[in-house]
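With compact mmCIF, C-alpha atoms inside, this is target.txt:
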```
# COMPACT_ATOMS: atom_id res chain seq x y z
CA GLY A 1 135.63 116.71 65.12
CA LEU A 2 136.80 120.07 66.37
CA GLU A 3 140.44 118.95 66.51
CA THR A 4 140.26 118.06 62.81
CA ILE A 5 138.98 121.55 61.95
CA VAL A 6 141.71 123.24 64.02
CA LYS A 7 144.31 121.02 62.38
CA SER A 8 143.00 121.79 58.88
CA ILE A 9 143.05 125.56 59.63
CA ARG A 10 146.66 125.33 60.76
CA GLU A 11 147.65 123.30 57.68
CA ASP A 12 145.73 125.47 55.19
CA GLU A 13 145.78 129.10 56.23
CA THR A 14 144.08 130.08 52.98
CA ARG A 15 140.78 128.55 54.03
CA GLY A 16 138.03 131.04 54.30
CA LEU A 17 135.71 131.79 57.14
CA SER A 18 132.75 130.39 55.20
CA GLU A 19 134.43 127.01 54.88
CA ILE A 20 135.15 126.95 58.60
CA MET A 21 131.55 127.96 59.35
CA GLU A 22 130.28 125.12 57.12
CA GLU A 23 132.40 122.63 59.02
CA LEU A 24 131.21 124.03 62.36
CA GLU A 25 127.59 123.78 61.18
CA PHE A 26 128.23 120.21 60.13
CA LEU A 27 129.70 119.45 63.56
CA ASP A 28 126.76 121.17 65.25
CA SER A 29 124.30 119.09 63.23
CA ALA A 30 126.23 115.90 63.97
CA ALA A 31 126.30 116.72 67.68
CA ARG A 32 122.53 117.32 67.69
CA ASP A 33 121.98 113.99 65.91
CA LEU A 34 124.21 112.27 68.44
CA ILE A 35 122.35 113.83 71.38
CA ARG A 36 119.00 112.84 69.85
CA ASP A 37 120.21 109.28 69.25
CA GLU A 38 121.53 109.06 72.81
CA ALA A 39 118.17 110.26 74.15
CA GLU A 40 116.37 107.61 72.08
CA ILE A 41 118.73 104.91 73.32
CA GLU A 42 118.21 106.11 76.91
CA GLN A 43 114.42 105.90 76.48
CA LYS A 44 114.68 102.42 74.99
CA LEU A 45 116.94 101.29 77.83
CA LYS A 46 114.51 102.70 80.42
CA ALA A 47 111.60 100.94 78.71
CA GLY A 48 113.60 97.70 78.60
CA LEU A 49 114.51 97.99 82.26
CA ALA A 50 110.85 98.63 83.13
CA GLN A 51 109.89 95.48 81.22
CA ILE A 52 112.57 93.46 83.00
CA GLU A 53 111.41 94.77 86.40
CA ALA A 54 107.78 93.93 85.56
CA ALA A 55 108.82 90.44 84.47
CA GLU A 56 110.80 89.98 87.69
CA ARG A 57 107.77 91.04 89.77
CA THR A 58 105.58 88.62 87.81
CA ALA A 59 108.09 85.81 88.26
CA GLU A 60 108.33 86.54 92.00
CA ALA A 61 104.54 86.50 92.32
CA ALA A 62 104.43 83.20 90.43
CA ARG A 63 107.13 81.75 92.73
CA ALA A 64 105.15 82.88 95.76
CA MET A 65 102.00 81.26 94.37
CA VAL A 66 103.83 78.00 93.73
CA LEU A 67 105.13 77.98 97.31
CA THR A 68 101.87 78.96 99.06
CA ASP A 69 98.90 76.85 100.04
CA ARG A 70 95.88 78.56 98.48
CA LEU A 71 93.45 77.74 101.26
CA THR A 72 95.49 78.61 104.37
CA GLU A 73 98.01 80.97 102.73
CA LEU A 74 100.73 79.15 104.63
CA PRO A 75 103.82 77.85 102.85
CA ASN A 76 103.09 74.50 101.16
CA ARG A 77 104.93 71.18 100.87
CA ILE A 78 107.30 72.53 98.20
CA ALA A 79 108.25 75.48 100.41
CA PHE A 80 108.74 73.10 103.34
CA MET A 81 110.98 70.80 101.31
CA ASN A 82 112.97 73.82 100.09
CA ARG A 83 113.45 74.93 103.69
CA LEU A 84 114.67 71.45 104.66
CA GLU A 85 117.06 71.41 101.71
CA ASP A 86 118.42 74.80 102.77
CA LEU A 87 119.01 73.47 106.28
CA TYR A 88 120.97 70.47 105.01
CA ASP A 89 122.81 72.30 102.22
CA ARG A 90 124.88 74.15 104.79
CA ASP A 91 128.34 72.82 105.57
CA ASN A 92 127.17 71.37 108.87
CA ALA A 93 124.02 69.45 109.61
CA PRO A 94 121.43 71.60 111.38
CA PHE A 95 121.95 71.75 115.12
CA GLY A 96 119.21 72.89 117.44
CA THR A 97 116.49 72.62 114.83
CA ALA A 98 113.34 70.73 115.72
CA MET A 99 110.70 69.47 113.31
CA LEU A 100 107.14 68.87 114.40
CA LEU A 101 104.55 67.15 112.23
CA VAL A 102 100.86 67.65 113.04
CA ASP A 103 97.98 65.56 111.71
CA ILE A 104 94.39 66.58 112.51
CA ASP A 105 92.61 63.60 114.02
CA ASN A 106 89.42 62.50 112.26
CA PHE A 107 89.56 65.30 109.69
CA LYS A 108 87.92 63.16 107.00
CA GLU A 109 85.08 62.53 109.44
CA ILE A 110 84.65 66.29 109.97
CA ASN A 111 84.46 66.84 106.22
CA ARG A 112 82.05 63.94 105.77
CA GLN A 113 79.76 64.95 108.63
CA PHE A 114 79.80 68.75 108.31
CA GLY A 115 80.91 69.33 104.72
CA ASP A 116 83.98 70.65 102.94
CA ASP A 117 83.20 74.26 103.86
CA ALA A 118 83.40 73.43 107.57
CA GLY A 119 86.63 71.51 106.98
CA ASN A 120 88.11 74.44 105.05
CA LYS A 121 87.13 76.86 107.82
CA LEU A 122 88.79 74.59 110.33
CA LEU A 123 92.01 74.48 108.29
CA LYS A 124 92.04 78.28 107.87
CA ARG A 125 91.45 78.79 111.58
CA LEU A 126 94.20 76.31 112.46
CA ALA A 127 96.60 78.15 110.16
CA ALA A 128 95.77 81.43 111.92
CA VAL A 129 96.27 79.86 115.36
CA PHE A 130 99.58 78.33 114.27
CA ARG A 131 100.82 81.65 112.85
CA LYS A 132 99.99 83.48 116.09
CA THR A 133 101.45 80.79 118.33
CA ILE A 134 104.91 80.39 116.79
CA LYS A 135 107.74 82.92 116.75
CA LYS A 136 108.55 84.98 113.67
CA HIS A 137 111.72 83.05 112.81
CA ASP A 138 109.95 79.67 113.14
CA PHE A 139 108.34 78.02 110.12
CA VAL A 140 104.96 76.38 109.58
CA ALA A 141 103.63 74.85 106.36
CA ARG A 142 100.56 72.94 105.30
CA ILE A 143 102.16 69.93 103.68
CA GLU A 144 99.04 67.92 102.84
CA GLY A 145 95.28 67.95 103.35
CA ASP A 146 95.22 67.87 107.14
CA ASP A 147 98.96 67.73 107.82
CA PHE A 148 101.14 70.61 108.97
CA ALA A 149 104.89 70.75 109.50
CA PHE A 150 106.84 73.07 111.78
CA LEU A 151 110.54 73.89 111.96
CA PHE A 152 111.88 75.54 115.10
CA SER A 153 115.39 76.98 115.33
CA ASP A 154 117.69 77.00 118.32
CA VAL A 155 115.68 74.56 120.41
CA GLY A 156 116.45 71.28 122.08
CA ALA A 157 114.16 68.30 122.65
CA THR A 158 112.71 69.71 125.88
CA GLU A 159 111.89 73.07 124.28
CA ALA A 160 110.40 71.31 121.24
CA GLN A 161 108.08 69.31 123.49
CA ALA A 162 107.05 72.49 125.29
CA ILE A 163 106.33 74.17 121.94
CA ALA A 164 104.26 71.19 120.81
CA GLU A 165 102.24 71.37 124.03
CA ARG A 166 101.80 75.13 123.61
CA LEU A 167 100.48 74.54 120.07
CA ARG A 168 98.07 71.85 121.27
CA THR A 169 96.77 74.12 124.03
CA ALA A 170 96.40 77.05 121.62
CA VAL A 171 94.37 74.87 119.26
CA GLU A 172 92.14 73.63 122.09
CA ASN A 173 91.57 77.16 123.41
CA ASN A 174 90.91 78.77 120.02
CA LEU A 175 88.85 76.26 118.06
CA ILE A 176 85.21 76.23 119.03
CA PHE A 177 82.87 75.46 116.16
CA ALA A 178 79.09 75.44 116.33
CA THR A 179 77.20 73.10 114.05
CA GLU A 180 73.62 72.90 112.99
CA GLN A 181 73.11 70.12 115.53
CA GLY A 182 74.51 72.32 118.31
CA ARG A 183 77.65 70.22 118.78
```
Would you mind writing the file's structure down as structure tokens?
Amino acid sequence: GLETIVKSIREDETRGLSEIMEELEFLDSAARDLIRDEAEIEQKLKAGLAQIEAAERTAEAARAMVLTDRLTELPNRIAFMNRLEDLYDRDNAPFGTAMLLVDIDNFKEINRQFGDDAGNKLLKRLAAVFRKTIKKHDFVARIEGDDFAFLFSDVGATEAQAIAERLRTAVENNLIFATEQGR
């Protein structure tokens, strides 16, 4: 570049100003081309990064869908199993973690007698009650049709029993359904 021109002027003092100006114009043109090419590369990189970010958001949304029960919007069985794996992948077995499994009694009878819509409403309402009743760091998932699983951290057997009773009471106090027959 410029060093080459300075070197050639020093080596050949007979060079004219027009020759030097031609070389400077060439360098100016090359610099403009380089700046233009760099700008194009920058735009392509930005577009590529935007595509990667969009793909990551799509992949994250897909992961969330795979791990969420569509009806209740709670984590599903896969999410629950992942959580259990995470607990046992640590160096030590989990200490102070309680698991509670809940099965809705006679749920098939509710669906048969009152219809799937009533059963779905019941499941959605249960999910809402469960979410409100547990602490933020606790975990609840719908693992099957009428089965739910809970994981509670930093609790012993006595606290786990108290939590289970609190959940049962919350369900009893919050689930009142009217039917066409008035029951």
Hey, which bits of range 129-150 of chain A sit within 10 Å of range 92-110 of chain A, and for each residue what's the closest pair of atoms and how far apart in Å (one decimal), counting all atoms listed in the file, rows by chain and increasing number, as a Markdown table?
```
| residue | atom | partner | partner_atom | distance |
| --- | --- | --- | --- | --- |
| A:Asp138 | CA | A:Thr97 | CA | 9.8 |
| A:Phe139 | CA | A:Met99 | CA | 9.4 |
| A:Val140 | CA | A:Leu100 | CA | 9.2 |
| A:Ala141 | CA | A:Leu101 | CA | 9.7 |
| A:Arg142 | CA | A:Val102 | CA | 9.4 |
| A:Ile143 | CA | A:Leu101 | CA | 9.3 |
| A:Glu144 | CA | A:Asp103 | CA | 9.2 |
| A:Gly145 | CA | A:Phe107 | CA | 8.9 |
| A:Asp146 | CA | A:Ile104 | CA | 5.6 |
| A:Asp147 | CA | A:Asp103 | CA | 4.6 |
| A:Phe148 | CA | A:Val102 | CA | 5.0 |
| A:Ala149 | CA | A:Leu101 | CA | 4.5 |
| A:Phe150 | CA | A:Leu100 | CA | 5.0 |
```
If I take CA of Phe80 in chain A and CA of Thr68 in chain A, how far is one from the other in Å, to one decimal? 10.0 Å
Quick one: residues within 12 Å of Val66 in chain A, all atoms listed in the file counted, chain neighbours fewer than 2 positions away excluded, as JSON, numbers by chain? {"A": [59, 60, 61, 62, 63, 64, 68, 69, 70, 73, 74, 75, 76, 77, 78, 79, 80, 82]}
At what distance in Å, to one decimal, does CA of Leu167 in chain A lie from CA of Phe130 in chain A?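 Computing the Euclidean distance for CA of Phe130 in chain A and CA of Leu167 in chain A yields 7.0 Å.
The interatomic distance for the pair CA of Lys124 in chain A and CA of Thr72 in chain A works out to 4.9 Å.
When only C-alpha atoms are used to measure the gap to Phe152 in chain A, the shortest distance among A:Ile134, A:Leu123, A:Leu24, A:Ala39 belongs to A:Ile134.
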Give me range 42-53 of chain A with all heavy atoms filled in, as a PDB file, keeping the file's coordinate frame.
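Result file follows (result.pdb):
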```
ATOM      1  N   GLU A  42     118.524 106.038  75.478  1.00  0.00           N
ATOM      2  CA  GLU A  42     118.210 106.110  76.910  1.00  0.00           C
ATOM      3  C   GLU A  42     116.756 105.724  77.154  1.00  0.00           C
ATOM      4  O   GLU A  42     116.465 104.958  78.074  1.00  0.00           O
ATOM      5  CB  GLU A  42     118.479 107.514  77.436  1.00  0.00           C
ATOM      6  CG  GLU A  42     118.204 107.659  78.915  1.00  0.00           C
ATOM      7  CD  GLU A  42     118.428 109.074  79.415  1.00  0.00           C
ATOM      8  OE1 GLU A  42     118.599 110.001  78.597  1.00  0.00           O
ATOM      9  OE2 GLU A  42     118.402 109.245  80.641  1.00  0.00           O
ATOM     10  N   GLN A  43     115.840 106.232  76.324  1.00  0.00           N
ATOM     11  CA  GLN A  43     114.420 105.900  76.480  1.00  0.00           C
ATOM     12  C   GLN A  43     114.181 104.404  76.263  1.00  0.00           C
ATOM     13  O   GLN A  43     113.421 103.771  77.003  1.00  0.00           O
ATOM     14  CB  GLN A  43     113.558 106.725  75.512  1.00  0.00           C
ATOM     15  CG  GLN A  43     113.480 108.187  75.876  1.00  0.00           C
ATOM     16  CD  GLN A  43     112.911 108.405  77.263  1.00  0.00           C
ATOM     17  OE1 GLN A  43     111.953 107.771  77.661  1.00  0.00           O
ATOM     18  NE2 GLN A  43     113.543 109.282  78.017  1.00  0.00           N
ATOM     19  N   LYS A  44     114.835 103.851  75.244  1.00  0.00           N
ATOM     20  CA  LYS A  44     114.680 102.420  74.990  1.00  0.00           C
ATOM     21  C   LYS A  44     115.241 101.590  76.136  1.00  0.00           C
ATOM     22  O   LYS A  44     114.652 100.575  76.525  1.00  0.00           O
ATOM     23  CB  LYS A  44     115.355 102.041  73.670  1.00  0.00           C
ATOM     24  CG  LYS A  44     114.602 102.549  72.451  1.00  0.00           C
ATOM     25  CD  LYS A  44     115.304 102.200  71.161  1.00  0.00           C
ATOM     26  CE  LYS A  44     114.526 102.767  69.978  1.00  0.00           C
ATOM     27  NZ  LYS A  44     115.190 102.477  68.711  1.00  0.00           N
ATOM     28  N   LEU A  45     116.362 102.003  76.690  1.00  0.00           N
ATOM     29  CA  LEU A  45     116.940 101.290  77.830  1.00  0.00           C
ATOM     30  C   LEU A  45     116.014 101.367  79.050  1.00  0.00           C
ATOM     31  O   LEU A  45     115.807 100.366  79.742  1.00  0.00           O
ATOM     32  CB  LEU A  45     118.313 101.870  78.191  1.00  0.00           C
ATOM     33  CG  LEU A  45     119.458 101.486  77.260  1.00  0.00           C
ATOM     34  CD1 LEU A  45     120.722 102.263  77.629  1.00  0.00           C
ATOM     35  CD2 LEU A  45     119.715  99.995  77.308  1.00  0.00           C
ATOM     36  N   LYS A  46     115.444 102.554  79.288  1.00  0.00           N
ATOM     37  CA  LYS A  46     114.510 102.700  80.420  1.00  0.00           C
ATOM     38  C   LYS A  46     113.293 101.815  80.211  1.00  0.00           C
ATOM     39  O   LYS A  46     112.835 101.164  81.154  1.00  0.00           O
ATOM     40  CB  LYS A  46     114.092 104.162  80.571  1.00  0.00           C
ATOM     41  CG  LYS A  46     115.155 105.028  81.197  1.00  0.00           C
ATOM     42  CD  LYS A  46     114.669 106.459  81.346  1.00  0.00           C
ATOM     43  CE  LYS A  46     115.745 107.340  81.974  1.00  0.00           C
ATOM     44  NZ  LYS A  46     115.295 108.737  82.088  1.00  0.00           N
ATOM     45  N   ALA A  47     112.764 101.789  78.989  1.00  0.00           N
ATOM     46  CA  ALA A  47     111.600 100.940  78.710  1.00  0.00           C
ATOM     47  C   ALA A  47     111.965  99.470  78.880  1.00  0.00           C
ATOM     48  O   ALA A  47     111.189  98.688  79.447  1.00  0.00           O
ATOM     49  CB  ALA A  47     111.085 101.206  77.290  1.00  0.00           C
ATOM     50  N   GLY A  48     113.141  99.082  78.429  1.00  0.00           N
ATOM     51  CA  GLY A  48     113.600  97.700  78.600  1.00  0.00           C
ATOM     52  C   GLY A  48     113.769  97.330  80.059  1.00  0.00           C
ATOM     53  O   GLY A  48     113.364  96.244  80.487  1.00  0.00           O
ATOM     54  N   LEU A  49     114.347  98.241  80.830  1.00  0.00           N
ATOM     55  CA  LEU A  49     114.510  97.990  82.260  1.00  0.00           C
ATOM     56  C   LEU A  49     113.151  97.875  82.948  1.00  0.00           C
ATOM     57  O   LEU A  49     112.963  97.026  83.824  1.00  0.00           O
ATOM     58  CB  LEU A  49     115.328  99.105  82.915  1.00  0.00           C
ATOM     59  CG  LEU A  49     116.828  99.060  82.647  1.00  0.00           C
ATOM     60  CD1 LEU A  49     117.516 100.307  83.220  1.00  0.00           C
ATOM     61  CD2 LEU A  49     117.448  97.810  83.227  1.00  0.00           C
ATOM     62  N   ALA A  50     112.198  98.707  82.554  1.00  0.00           N
ATOM     63  CA  ALA A  50     110.850  98.630  83.130  1.00  0.00           C
ATOM     64  C   ALA A  50     110.222  97.277  82.812  1.00  0.00           C
ATOM     65  O   ALA A  50     109.563  96.675  83.670  1.00  0.00           O
ATOM     66  CB  ALA A  50     109.984  99.774  82.618  1.00  0.00           C
ATOM     67  N   GLN A  51     110.417  96.797  81.594  1.00  0.00           N
ATOM     68  CA  GLN A  51     109.890  95.480  81.220  1.00  0.00           C
ATOM     69  C   GLN A  51     110.551  94.365  82.027  1.00  0.00           C
ATOM     70  O   GLN A  51     109.883  93.425  82.472  1.00  0.00           O
ATOM     71  CB  GLN A  51     110.084  95.225  79.720  1.00  0.00           C
ATOM     72  CG  GLN A  51     109.158  96.038  78.849  1.00  0.00           C
ATOM     73  CD  GLN A  51     109.428  95.793  77.374  1.00  0.00           C
ATOM     74  OE1 GLN A  51     110.540  95.472  76.976  1.00  0.00           O
ATOM     75  NE2 GLN A  51     108.397  95.951  76.566  1.00  0.00           N
ATOM     76  N   ILE A  52     111.848  94.472  82.219  1.00  0.00           N
ATOM     77  CA  ILE A  52     112.570  93.460  83.000  1.00  0.00           C
ATOM     78  C   ILE A  52     112.073  93.475  84.445  1.00  0.00           C
ATOM     79  O   ILE A  52     111.824  92.417  85.042  1.00  0.00           O
ATOM     80  CB  ILE A  52     114.099  93.709  82.943  1.00  0.00           C
ATOM     81  CG1 ILE A  52     114.625  93.381  81.550  1.00  0.00           C
ATOM     82  CG2 ILE A  52     114.833  92.894  84.010  1.00  0.00           C
ATOM     83  CD1 ILE A  52     116.060  93.808  81.304  1.00  0.00           C
ATOM     84  N   GLU A  53     111.903  94.666  85.023  1.00  0.00           N
ATOM     85  CA  GLU A  53     111.410  94.770  86.400  1.00  0.00           C
ATOM     86  C   GLU A  53     109.999  94.191  86.521  1.00  0.00           C
ATOM     87  O   GLU A  53     109.691  93.499  87.488  1.00  0.00           O
ATOM     88  CB  GLU A  53     111.443  96.221  86.873  1.00  0.00           C
ATOM     89  CG  GLU A  53     112.857  96.727  87.104  1.00  0.00           C
ATOM     90  CD  GLU A  53     112.930  98.230  87.331  1.00  0.00           C
ATOM     91  OE1 GLU A  53     111.884  98.922  87.251  1.00  0.00           O
ATOM     92  OE2 GLU A  53     114.035  98.717  87.587  1.00  0.00           O
TER      93      GLU A  53
END
```
